[in-house]
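S.K.: My structure file coords-v7.txt, compact mmCIF, C-alpha atoms and all ligand atoms, is below:
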```txt
# COMPACT_ATOMS: atom_id res chain seq x y z
CA MET A 1 86.27 34.31 103.01
CA THR A 2 82.99 34.03 104.83
CA GLY A 3 80.66 36.60 106.32
CA THR A 4 81.71 39.31 108.77
CA ASP A 5 79.82 42.39 109.88
CA GLU A 6 78.87 44.76 107.10
CA HIS A 7 80.52 48.19 107.06
CA CYS A 8 78.59 51.11 105.61
CA VAL A 9 80.50 54.30 104.76
CA LYS A 10 78.37 57.25 103.71
CA VAL A 11 79.53 59.69 101.04
CA SER A 12 77.41 62.78 101.68
CA LEU A 13 77.27 65.04 98.61
CA ALA A 14 73.72 66.43 98.71
CA GLU A 15 71.71 64.86 95.85
CA ARG A 16 74.80 62.89 94.74
CA SER A 17 75.15 61.07 98.10
CA TYR A 18 75.68 57.32 98.21
CA ASP A 19 76.71 54.41 100.43
CA ILE A 20 79.79 52.23 100.25
CA LEU A 21 78.92 48.76 101.58
CA ILE A 22 81.74 46.37 102.51
CA ARG A 23 81.25 42.67 103.30
CA PRO A 24 82.47 39.35 101.92
CA GLY A 25 79.61 37.80 99.93
CA LEU A 26 78.03 41.06 98.72
CA LEU A 27 78.63 40.05 95.11
CA THR A 28 75.64 37.73 95.22
CA GLU A 29 73.39 40.51 96.52
CA VAL A 30 73.89 43.14 93.82
CA GLY A 31 70.32 42.69 92.49
CA ARG A 32 68.71 43.10 95.90
CA HIS A 33 70.67 46.29 96.59
CA LEU A 34 69.74 47.82 93.22
CA ARG A 35 66.08 47.05 93.90
CA HIS A 36 66.41 48.67 97.30
CA LEU A 37 67.58 51.87 95.58
CA GLY A 38 64.38 51.84 93.51
CA PHE A 39 65.91 50.78 90.19
CA ALA A 40 63.97 48.60 87.76
CA GLY A 41 64.29 47.52 84.14
CA LYS A 42 67.58 47.19 82.29
CA VAL A 43 71.03 46.72 83.78
CA ALA A 44 74.29 46.31 81.85
CA VAL A 45 77.27 44.73 83.60
CA VAL A 46 80.56 46.01 82.16
CA THR A 47 83.53 43.77 82.85
CA ASN A 48 86.63 42.19 81.24
CA PRO A 49 87.16 38.53 80.22
CA VAL A 50 89.16 37.57 83.36
CA ILE A 51 86.83 39.14 85.91
CA GLY A 52 83.79 38.22 83.84
CA ARG A 53 84.70 34.54 83.96
CA LEU A 54 85.23 34.64 87.72
CA TYR A 55 82.41 36.87 88.93
CA ALA A 56 79.90 37.93 86.25
CA PRO A 57 77.74 34.77 86.56
CA ALA A 58 77.01 35.45 90.25
CA VAL A 59 76.27 39.13 89.63
CA LEU A 60 74.04 38.47 86.61
CA ARG A 61 72.17 35.72 88.51
CA SER A 62 71.48 38.03 91.44
CA LEU A 63 70.26 40.77 89.07
CA ARG A 64 67.92 38.39 87.22
CA THR A 65 66.59 36.97 90.48
CA ALA A 66 65.75 40.54 91.49
CA GLY A 67 63.79 40.97 88.24
CA PHE A 68 66.23 43.00 86.11
CA LYS A 69 66.74 42.52 82.37
CA THR A 70 70.48 42.03 82.10
CA ARG A 71 73.15 42.41 79.48
CA SER A 72 76.87 41.94 79.86
CA ILE A 73 79.41 44.07 78.01
CA VAL A 74 82.94 42.70 77.92
CA ILE A 75 85.88 45.01 77.16
CA PRO A 76 89.52 43.87 76.82
CA GLU A 77 91.72 43.47 79.87
CA GLY A 78 94.24 46.09 80.98
CA GLU A 79 95.14 49.74 80.70
CA ARG A 80 95.32 49.53 76.90
CA ALA A 81 91.51 49.29 76.81
CA LYS A 82 91.16 52.63 78.63
CA THR A 83 90.42 54.54 75.44
CA LEU A 84 87.52 56.39 73.81
CA ARG A 85 87.23 53.47 71.41
CA TRP A 86 85.98 51.19 74.19
CA VAL A 87 83.72 53.87 75.62
CA SER A 88 82.22 54.08 72.16
CA ALA A 89 81.80 50.29 72.05
CA ILE A 90 79.90 50.38 75.36
CA LEU A 91 77.71 53.25 74.11
CA ASP A 92 76.91 51.25 70.94
CA GLU A 93 75.66 48.37 73.09
CA LEU A 94 73.53 50.69 75.24
CA VAL A 95 71.96 52.32 72.18
CA LYS A 96 71.27 48.96 70.54
CA ALA A 97 69.67 47.64 73.72
CA ARG A 98 67.58 50.83 74.01
CA PHE A 99 68.87 51.77 77.43
CA GLU A 100 66.93 54.64 78.98
CA ARG A 101 67.75 57.39 81.48
CA GLY A 102 66.68 55.12 84.37
CA SER A 103 68.64 52.07 83.18
CA VAL A 104 71.71 51.18 85.22
CA LEU A 105 75.31 50.35 84.43
CA VAL A 106 77.29 48.11 86.81
CA ALA A 107 81.10 48.32 86.68
CA LEU A 108 82.44 44.91 87.72
CA GLY A 109 86.24 44.97 87.85
CA GLY A 110 89.33 46.95 88.74
CA GLY A 111 90.07 50.63 88.22
CA VAL A 112 90.24 50.27 84.44
CA VAL A 113 86.73 48.84 84.11
CA GLY A 114 85.39 51.28 86.73
CA ASP A 115 86.88 54.35 85.04
CA ILE A 116 85.67 53.38 81.54
CA ALA A 117 82.21 52.20 82.58
CA GLY A 118 81.75 55.24 84.82
CA PHE A 119 82.62 57.55 81.93
CA ALA A 120 80.21 55.74 79.58
CA ALA A 121 77.52 56.17 82.25
CA ALA A 122 78.40 59.88 82.58
CA VAL A 123 77.90 60.61 78.88
CA TYR A 124 75.16 58.19 77.74
CA VAL A 125 72.00 60.32 77.32
CA ARG A 126 73.84 62.94 79.43
CA GLY A 127 74.15 60.61 82.38
CA ILE A 128 72.66 57.38 83.67
CA PRO A 129 73.11 55.85 87.13
CA PHE A 130 76.03 53.51 87.70
CA VAL A 131 77.10 51.20 90.50
CA GLN A 132 80.68 50.24 91.29
CA VAL A 133 81.48 46.62 92.17
CA PRO A 134 85.29 46.84 92.51
CA THR A 135 87.39 43.66 92.44
CA THR A 136 90.99 44.88 92.95
CA LEU A 137 92.46 46.42 96.10
CA VAL A 138 93.22 49.66 94.19
CA ALA A 139 89.60 49.84 93.09
CA GLN A 140 88.18 48.92 96.52
CA VAL A 141 90.19 51.53 98.42
CA ASP A 142 90.44 54.25 95.80
CA SER A 143 89.06 54.31 92.26
CA SER A 144 85.49 53.15 92.97
CA VAL A 145 84.92 56.03 95.40
CA GLY A 146 84.81 59.71 94.51
CA GLY A 147 83.36 59.87 91.01
CA LYS A 148 86.47 60.38 88.89
CA THR A 149 85.76 58.59 85.60
CA GLY A 150 87.56 58.70 82.28
CA VAL A 151 89.99 57.30 79.77
CA ASN A 152 93.50 57.95 78.48
CA HIS A 153 94.47 60.07 75.48
CA SER A 154 97.37 58.90 73.31
CA LEU A 155 99.33 61.87 74.73
CA GLY A 156 98.55 61.30 78.39
CA LYS A 157 96.81 59.33 81.11
CA ASN A 158 93.28 60.18 82.29
CA LEU A 159 93.13 63.29 80.07
CA ILE A 160 89.50 62.69 79.05
CA GLY A 161 86.90 62.30 81.74
CA ALA A 162 84.08 63.53 83.91
CA PHE A 163 83.10 63.67 87.54
CA HIS A 164 80.17 61.27 87.83
CA GLN A 165 79.45 59.84 91.26
CA PRO A 166 78.25 56.22 91.49
CA ARG A 167 74.85 55.59 93.11
CA LEU A 168 76.29 52.79 95.23
CA VAL A 169 79.63 51.06 95.81
CA LEU A 170 79.39 47.36 96.70
CA ILE A 171 82.71 45.99 97.95
CA ASP A 172 83.10 42.25 98.30
CA PRO A 173 86.60 41.71 99.73
CA ALA A 174 86.35 37.97 98.94
CA THR A 175 86.99 38.84 95.29
CA LEU A 176 90.53 39.88 96.28
CA THR A 177 91.52 36.25 96.93
CA THR A 178 91.86 35.62 93.16
CA LEU A 179 93.94 38.73 92.53
CA PRO A 180 97.53 38.10 91.32
CA THR A 181 99.95 38.72 94.23
CA ARG A 182 101.71 41.56 92.41
CA GLU A 183 98.38 43.41 91.96
CA TRP A 184 97.46 42.80 95.60
CA VAL A 185 100.77 44.18 96.87
CA ALA A 186 100.52 47.19 94.52
CA GLY A 187 97.15 48.04 96.11
CA LEU A 188 98.76 48.08 99.56
CA ALA A 189 100.70 51.19 98.47
CA GLU A 190 97.44 53.16 98.32
CA VAL A 191 96.51 51.93 101.82
CA ILE A 192 99.91 53.02 103.19
CA LYS A 193 99.25 56.36 101.48
CA TYR A 194 96.02 56.85 103.48
CA GLY A 195 97.91 56.19 106.71
CA MET A 196 100.56 58.74 105.76
CA ILE A 197 98.19 61.51 104.65
CA ALA A 198 95.45 61.24 107.24
CA ASP A 199 95.54 58.46 109.81
CA GLU A 200 98.42 57.62 112.14
CA GLU A 201 96.31 54.83 113.67
CA LEU A 202 95.80 53.14 110.28
CA PHE A 203 99.55 53.43 109.67
CA SER A 204 100.36 51.76 113.04
CA TYR A 205 97.74 49.09 112.30
CA LEU A 206 99.53 48.36 109.01
CA GLU A 207 102.85 48.13 110.88
CA ARG A 208 101.32 45.55 113.23
CA HIS A 209 99.30 43.59 110.65
CA MET A 210 101.29 43.65 107.40
CA GLY A 211 102.11 39.93 107.78
CA ALA A 212 98.41 39.07 108.17
CA LEU A 213 97.54 41.25 105.18
CA LEU A 214 100.14 39.51 103.04
CA ARG A 215 98.60 36.18 104.14
CA MET A 216 95.24 37.67 103.02
CA GLU A 217 93.50 37.25 106.38
CA GLU A 218 89.91 38.40 106.20
CA GLY A 219 89.68 40.57 109.36
CA PRO A 220 92.65 42.84 108.56
CA ILE A 221 91.60 43.11 104.90
CA VAL A 222 88.07 44.24 105.76
CA HIS A 223 89.47 46.65 108.36
CA VAL A 224 91.92 48.38 106.01
CA VAL A 225 89.46 48.51 103.09
CA ALA A 226 86.77 50.07 105.31
CA GLN A 227 89.17 52.56 106.93
CA SER A 228 90.62 53.57 103.55
CA CYS A 229 87.10 54.16 102.20
CA ARG A 230 86.26 56.28 105.26
CA ILE A 231 89.30 58.48 104.63
CA LYS A 232 88.65 58.78 100.89
CA ALA A 233 84.97 59.57 101.52
CA SER A 234 85.80 62.31 104.03
CA VAL A 235 88.30 63.95 101.64
CA VAL A 236 85.83 63.77 98.71
CA MET A 237 83.01 65.19 100.86
CA GLU A 238 85.22 68.17 101.69
CA ASP A 239 86.43 68.77 98.12
CA GLU A 240 84.52 66.80 95.48
CA ARG A 241 86.15 68.47 92.45
CA GLU A 242 89.76 68.59 93.66
CA ALA A 243 89.92 72.33 94.13
CA ASP A 244 92.21 71.94 97.13
CA ARG A 245 92.19 69.24 99.84
CA ARG A 246 91.51 66.32 97.48
CA ARG A 247 95.01 66.92 96.12
CA ILE A 248 96.40 65.18 99.25
CA LEU A 249 95.22 61.90 97.68
CA ASN A 250 98.02 62.46 95.18
CA TYR A 251 100.76 61.95 97.78
CA GLY A 252 103.51 59.87 96.13
CA HIS A 253 101.92 60.48 92.72
CA THR A 254 104.06 63.46 91.62
CA VAL A 255 107.15 61.28 91.35
CA GLY A 256 105.01 58.12 90.87
CA HIS A 257 103.14 59.32 87.76
CA ALA A 258 106.42 60.60 86.29
CA LEU A 259 107.99 57.14 86.75
CA GLU A 260 104.94 55.44 85.22
CA SER A 261 105.13 57.64 82.15
CA LEU A 262 108.95 57.29 81.86
CA GLY A 263 108.43 53.49 81.99
CA LYS A 264 105.73 53.78 79.27
CA TYR A 265 103.17 52.37 81.74
CA ARG A 266 104.77 48.93 81.37
CA ALA A 267 107.68 48.82 83.80
CA LEU A 268 105.75 49.54 87.00
CA LEU A 269 102.20 48.98 88.21
CA HIS A 270 100.53 52.17 89.42
CA GLY A 271 100.80 51.18 93.09
CA GLU A 272 104.48 50.27 92.70
CA ALA A 273 105.20 53.68 91.20
CA VAL A 274 103.28 55.34 94.05
CA ALA A 275 105.33 53.38 96.61
CA ILE A 276 108.61 54.60 95.07
CA GLY A 277 107.09 58.09 94.81
CA MET A 278 106.12 58.15 98.52
CA VAL A 279 109.62 57.06 99.56
CA GLN A 280 111.20 59.83 97.44
CA GLU A 281 108.66 62.52 98.42
CA VAL A 282 109.01 61.91 102.17
CA ASP A 283 112.76 62.15 101.65
CA VAL A 284 112.28 65.51 99.92
CA ALA A 285 110.14 66.57 102.92
CA ARG A 286 112.97 65.53 105.26
CA HIS A 287 115.52 67.33 103.06
CA VAL A 288 113.59 70.64 103.25
CA GLY A 289 112.98 70.23 106.99
CA ARG A 290 109.25 69.51 106.88
CA CYS A 291 109.53 66.21 108.77
CA ASP A 292 111.94 64.20 110.92
CA LYS A 293 114.06 61.37 109.63
CA GLU A 294 111.94 58.94 111.70
CA VAL A 295 108.88 59.61 109.49
CA ALA A 296 110.84 58.64 106.38
CA THR A 297 112.35 55.62 108.12
CA ARG A 298 108.97 54.29 109.31
CA GLN A 299 107.38 54.71 105.90
CA ARG A 300 110.25 53.04 104.06
CA ALA A 301 110.22 50.06 106.46
CA LEU A 302 106.49 49.53 105.84
CA VAL A 303 106.84 49.87 102.06
CA ARG A 304 109.62 47.26 102.13
CA GLU A 305 107.70 44.92 104.42
CA ALA A 306 104.80 45.00 101.98
CA GLY A 307 107.22 43.87 99.26
CA LEU A 308 106.86 47.11 97.33
CA PRO A 309 109.74 48.79 95.46
CA ASP A 310 111.33 51.78 97.18
CA THR A 311 114.23 52.88 95.00
CA LEU A 312 114.25 55.05 91.89
CA PRO A 313 114.84 53.18 88.64
CA PRO A 314 117.78 54.55 86.62
CA VAL A 315 116.62 58.05 85.68
CA THR A 316 118.36 61.41 85.30
CA PHE A 317 117.30 64.56 87.12
CA SER A 318 116.18 66.20 83.85
CA GLU A 319 114.09 63.21 82.82
CA LEU A 320 112.38 63.01 86.19
CA TRP A 321 111.81 66.75 86.62
CA GLY A 322 110.59 67.00 83.00
CA ALA A 323 108.07 64.16 83.47
CA MET A 324 106.89 65.70 86.77
CA GLN A 325 105.80 68.86 84.91
CA HIS A 326 102.76 66.95 83.54
CA ASP A 327 101.46 66.57 87.12
CA LYS A 328 97.91 67.80 87.75
CA LYS A 329 99.29 69.84 90.64
CA VAL A 330 101.15 72.19 88.31
CA ALA A 331 99.41 75.58 88.60
CA GLN A 332 100.58 78.69 86.76
CA GLY A 333 103.82 76.96 85.91
CA ARG A 334 104.57 76.00 89.54
CA LEU A 335 104.70 72.38 90.65
CA TYR A 336 102.97 71.65 93.96
CA CYS A 337 103.91 68.57 95.94
CA VAL A 338 102.30 66.75 98.88
CA LEU A 339 104.85 66.58 101.69
CA PRO A 340 104.42 64.75 105.02
CA VAL A 341 105.01 66.70 108.22
CA ARG A 342 104.43 63.60 110.36
CA VAL A 343 102.77 60.22 109.93
CA GLY A 344 99.08 61.08 109.37
CA GLN A 345 99.54 64.69 108.24
CA VAL A 346 100.71 66.33 105.02
CA VAL A 347 101.01 69.81 103.53
CA ILE A 348 100.80 70.87 99.89
CA GLU A 349 103.67 73.16 98.91
CA PRO A 350 105.37 74.50 95.80
CA LEU A 351 108.47 72.52 94.91
CA GLU A 352 111.18 74.57 93.23
CA ARG A 353 113.42 73.05 90.58
CA ALA A 354 116.59 74.06 92.46
CA THR A 355 115.37 72.45 95.69
CA PHE A 356 114.49 69.22 93.91
CA GLU A 357 117.81 69.22 92.08
CA ARG A 358 119.73 69.69 95.36
CA TRP A 359 117.78 66.82 96.92
CA PHE A 360 118.33 64.65 93.84
CA ALA A 361 122.09 65.24 93.92
CA SER A 362 122.36 64.63 97.67
CA ARG A 363 120.50 61.34 97.92
CA PRO A 364 122.55 58.13 98.27
CA ARG A 365 122.69 56.08 95.06
CA GLU A 366 120.94 52.74 95.61
CA PRO A 367 120.42 49.89 93.14
CA HIS A 368 116.81 49.74 91.94
CA ARG A 369 114.94 46.67 93.28
CA SER A 370 112.85 45.69 90.26
CA HIS A 371 109.83 43.38 90.49
CA SER A 372 111.91 40.32 89.46
CA ARG A 373 114.66 41.18 91.93
CA ARG A 374 112.17 41.60 94.82
CA ARG A 375 110.55 38.29 93.89
CA ALA A 376 113.95 36.57 93.98
CA GLU A 377 114.69 38.14 97.40
CA SER A 378 111.37 37.01 98.87
CA SER A 379 111.76 33.44 97.57
CA GLN A 380 115.24 33.33 99.19
CA ARG A 381 113.66 34.43 102.49
CA ALA A 382 110.89 31.79 102.26
P1 LIG B 1 93.14 46.95 86.59
O1 LIG B 1 91.75 47.41 86.55
O2 LIG B 1 93.91 46.94 85.33
O3 LIG B 1 93.17 45.48 87.23
C1 LIG B 1 94.42 44.85 87.42
C2 LIG B 1 94.42 43.43 86.87
O4 LIG B 1 93.73 42.58 87.78
C3 LIG B 1 93.72 43.26 85.53
O5 LIG B 1 94.49 42.37 84.78
C4 LIG B 1 92.38 42.64 85.90
O6 LIG B 1 91.84 41.83 84.87
C5 LIG B 1 92.75 41.80 87.09
N1 LIG B 1 91.69 41.58 88.07
C6 LIG B 1 90.83 42.48 88.57
N2 LIG B 1 90.12 41.96 89.58
C7 LIG B 1 90.53 40.68 89.70
C8 LIG B 1 90.20 39.63 90.60
N3 LIG B 1 89.34 39.82 91.60
N4 LIG B 1 90.79 38.43 90.43
C9 LIG B 1 91.73 38.24 89.45
N5 LIG B 1 92.12 39.20 88.61
C10 LIG B 1 91.53 40.42 88.74
O7 LIG B 1 94.02 47.79 87.64
P2 LIG B 1 93.64 48.57 88.99
O8 LIG B 1 94.91 48.64 89.74
O9 LIG B 1 92.43 48.03 89.65
O10 LIG B 1 93.25 50.02 88.47
C11 LIG B 1 94.18 50.84 87.81
C12 LIG B 1 93.41 51.89 87.04
O11 LIG B 1 92.61 52.62 87.95
C13 LIG B 1 94.28 52.88 86.31
O12 LIG B 1 93.78 53.09 85.02
C14 LIG B 1 94.14 54.16 87.15
O13 LIG B 1 94.27 55.33 86.38
C15 LIG B 1 92.75 54.01 87.69
N6 LIG B 1 92.51 54.72 88.96
C16 LIG B 1 91.45 55.55 89.01
C17 LIG B 1 91.17 56.23 90.18
C18 LIG B 1 89.95 57.10 90.27
O14 LIG B 1 89.81 57.82 91.25
N7 LIG B 1 89.06 57.01 89.30
C19 LIG B 1 91.99 56.06 91.30
C20 LIG B 1 93.07 55.18 91.23
C21 LIG B 1 93.33 54.50 90.03
N1 LIG B 2 92.70 58.87 93.22
C1 LIG B 2 92.74 60.25 93.51
C2 LIG B 2 91.40 60.88 93.62
O1 LIG B 2 90.39 60.20 93.56
O2 LIG B 2 91.31 62.06 93.77
```
Can you turn what I pasted into structure tokens?
M.R.:
Amino acid sequence: MTGTDEHCVKVSLAERSYDILIRPGLLTEVGRHLRHLGFAGKVAVVTNPVIGRLYAPAVLRSLRTAGFKTRSIVIPEGERAKTLRWVSAILDELVKARFERGSVLVALGGGVVGDIAGFAAAVYVRGIPFVQVPTTLVAQVDSSVGGKTGVNHSLGKNLIGAFHQPRLVLIDPATLTTLPTREWVAGLAEVIKYGMIADEELFSYLERHMGALLRMEEGPIVHVVAQSCRIKASVVMEDEREADRRRILNYGHTVGHALESLGKYRALLHGEAVAIGMVQEVDVARHVGRCDKEVATRQRALVREAGLPDTLPPVTFSELWGAMQHDKKVAQGRLYCVLPVRVGQVVIEPLERATFERWFASRPREPHRSHSRRRAESSQRA
């Protein structure tokens, strides 16, 4: 990817406001942008071995050229590293290197690196500035924006954390070209989600340009990343701490998180679980009369075109309903669910057990299209 115009999305949160900059090539300008924000002194770049090998040299070079004293902190790859143990390892490095309140932490990686590094920045000397440099589609359209940081507890995902907004988000979409295809496609689920919850135009754009996105064409990628960031920023500006509206970002996640946990976080990537969750949740909305069949049909066609899974894996009603009770949208024992009323608009409503059970019993039984089965289908098509 080469240069295109730079997009700047503003996240206005009083003294916690920041910019999201989006342009291929930004990775080599991290140092200049940190200088521009008035930072000086020490910067630690937190990354993992895979991303570090690909992108840390360029980031560290740009920081040194801008006069920063740099240090890189490498944590293991994958969700298994999202624990307090690795937060502690980062804190050890910061203490040893005598990082101060004004020193900066740069999170270079996907959602896992961003969540851990952001949490370390939130708690080190009660909070130091951090900058997100996201390198996966999930991180570029979702996790790097909005200030949710944290790690998993052995009994549940994201149970330990803090709201700590980054001081800047630098998105270089060129980094997506090295992403494994399965990770890229999983990220598209979150983009489809934005279309469904808030932006009919984005949804239609995805319908017209899914082929180009799957071919990783630069223009459509930059467009959907920027538009997703605009939507996330506007939701976060309205409800930073998820008291109400921010819950719409969890569309597809009530069923999706339940499937992730039933699969022990190994069977499905997060985006794949969200895709299945959106297909089931829009069907629940149709079942209870919140939306027309056409809304469900359009969404399912787009999910399929992206190559995402759309059918429930083998699971009983009790298993699914039981796992859904750990959802963050359970309040006073009632489960709330995000239901589409049309493409681009959702409502948040209580979902009763009996209603969900009736829907579960009425839906047609379809064979689950696992990752390997979808891969076999797409190679037959090619
Ligand atoms: P991830 O961070 O595990 O990255 C996925 C894989 O891609 C990893 O193996 C990583 O090493 C590799 N990778 C990353 N960038 C690469 C690149 N450019 N080229 C090649 N390989 C690359 O997964 P993710 O999907 O980015 O993030 C998932 C995590 O994000 C979960 O822990 C989830 O809870 C969290 N999350 C947080 C928020 C939030 O608001 N804080 C929102 C959504 C998701
Ligand atoms: N990813 C959901 C949120 O940031 O609220």
S.K.: Give the residues close to ligand LIG 1 (chain B), within 7 Å, counting only C-alpha atoms and all ligand atoms; write them as a PyMOL selection string.
M.R.: chain A and resi 48+50-51+77-79+82+109-113+115+135-139+142-149+158+175-180+183+187+270
S.K.: Let me see the file: selected residues, C-alpha atoms, as a compact mmCIF listing (two decimals), in the frame of the given file.
M.R.:
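What landed in result-v4.txt:
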```txt
# COMPACT_ATOMS: atom_id res chain seq x y z
CA ASN A 48 86.63 42.19 81.24
CA VAL A 50 89.16 37.57 83.36
CA ILE A 51 86.83 39.14 85.91
CA GLU A 77 91.72 43.47 79.87
CA GLY A 78 94.24 46.09 80.98
CA GLU A 79 95.14 49.74 80.70
CA LYS A 82 91.16 52.63 78.63
CA GLY A 109 86.24 44.97 87.85
CA GLY A 110 89.33 46.95 88.74
CA GLY A 111 90.07 50.63 88.22
CA VAL A 112 90.24 50.27 84.44
CA VAL A 113 86.73 48.84 84.11
CA ASP A 115 86.88 54.35 85.04
CA THR A 135 87.39 43.66 92.44
CA THR A 136 90.99 44.88 92.95
CA LEU A 137 92.46 46.42 96.10
CA VAL A 138 93.22 49.66 94.19
CA ALA A 139 89.60 49.84 93.09
CA ASP A 142 90.44 54.25 95.80
CA SER A 143 89.06 54.31 92.26
CA SER A 144 85.49 53.15 92.97
CA VAL A 145 84.92 56.03 95.40
CA GLY A 146 84.81 59.71 94.51
CA GLY A 147 83.36 59.87 91.01
CA LYS A 148 86.47 60.38 88.89
CA THR A 149 85.76 58.59 85.60
CA ASN A 158 93.28 60.18 82.29
CA THR A 175 86.99 38.84 95.29
CA LEU A 176 90.53 39.88 96.28
CA THR A 177 91.52 36.25 96.93
CA THR A 178 91.86 35.62 93.16
CA LEU A 179 93.94 38.73 92.53
CA PRO A 180 97.53 38.10 91.32
CA GLU A 183 98.38 43.41 91.96
CA GLY A 187 97.15 48.04 96.11
CA HIS A 270 100.53 52.17 89.42
```
S.K.: Using all atoms listed in the file and a cutoff of 7 Å, can you tell me which residues are near (80.7, 44.4, 105.4) in the file's coordinates, and write them out as a list of chain:residue names?
M.R.: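 Residues lying no farther than 7 Å from the given point: A:Thr4, A:Asp5, A:Glu6, A:His7, A:Leu21, A:Ile22, A:Arg23, A:Pro24.
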S.K.: At a cut-off of 12 Å, using only C-alpha atoms, what residues contact Ala233 in chain A? Leave out same-chain residues fewer than 6 positions from it and give the result as a list in words.
M.R.: Cys8, Val9, Lys10, Val11, Ser12, Leu13, Ser17, Tyr18, Asp19, Ile20, Val141, Asp142, Ser143, Ser144, Val145, Gly146, Gly147, Gln165, Val169, Tyr194, Ala226, Gln227, Asp239, Glu240, Arg246 and Leu249 of chain A
S.K.: Which residues, written as a VMD selection string, have at least one atom at most 10 Å from Leu34 in chain A, with all atoms listed in the file counted and residues fewer than 6 positions away on the same chain left out?
M.R.: chain A and resid 40 43 63 66 68 104 106 131 167 to 168
S.K.: Quick one: of A:Arg126, A:Arg358, A:Arg334, A:Arg241, who's nearest to ligand LIG 2 (chain B), counting only C-alpha atoms and all ligand atoms?
M.R.: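 For ligand LIG 2 (chain B), the nearest of the candidates is A:Arg241.
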S.K.: Taking only C-alpha atoms into account, name the residue in A:Thr355, A:Met210, A:Gly271, A:Val59 that is nearest to His33 in chain A.
M.R.: A:Val59
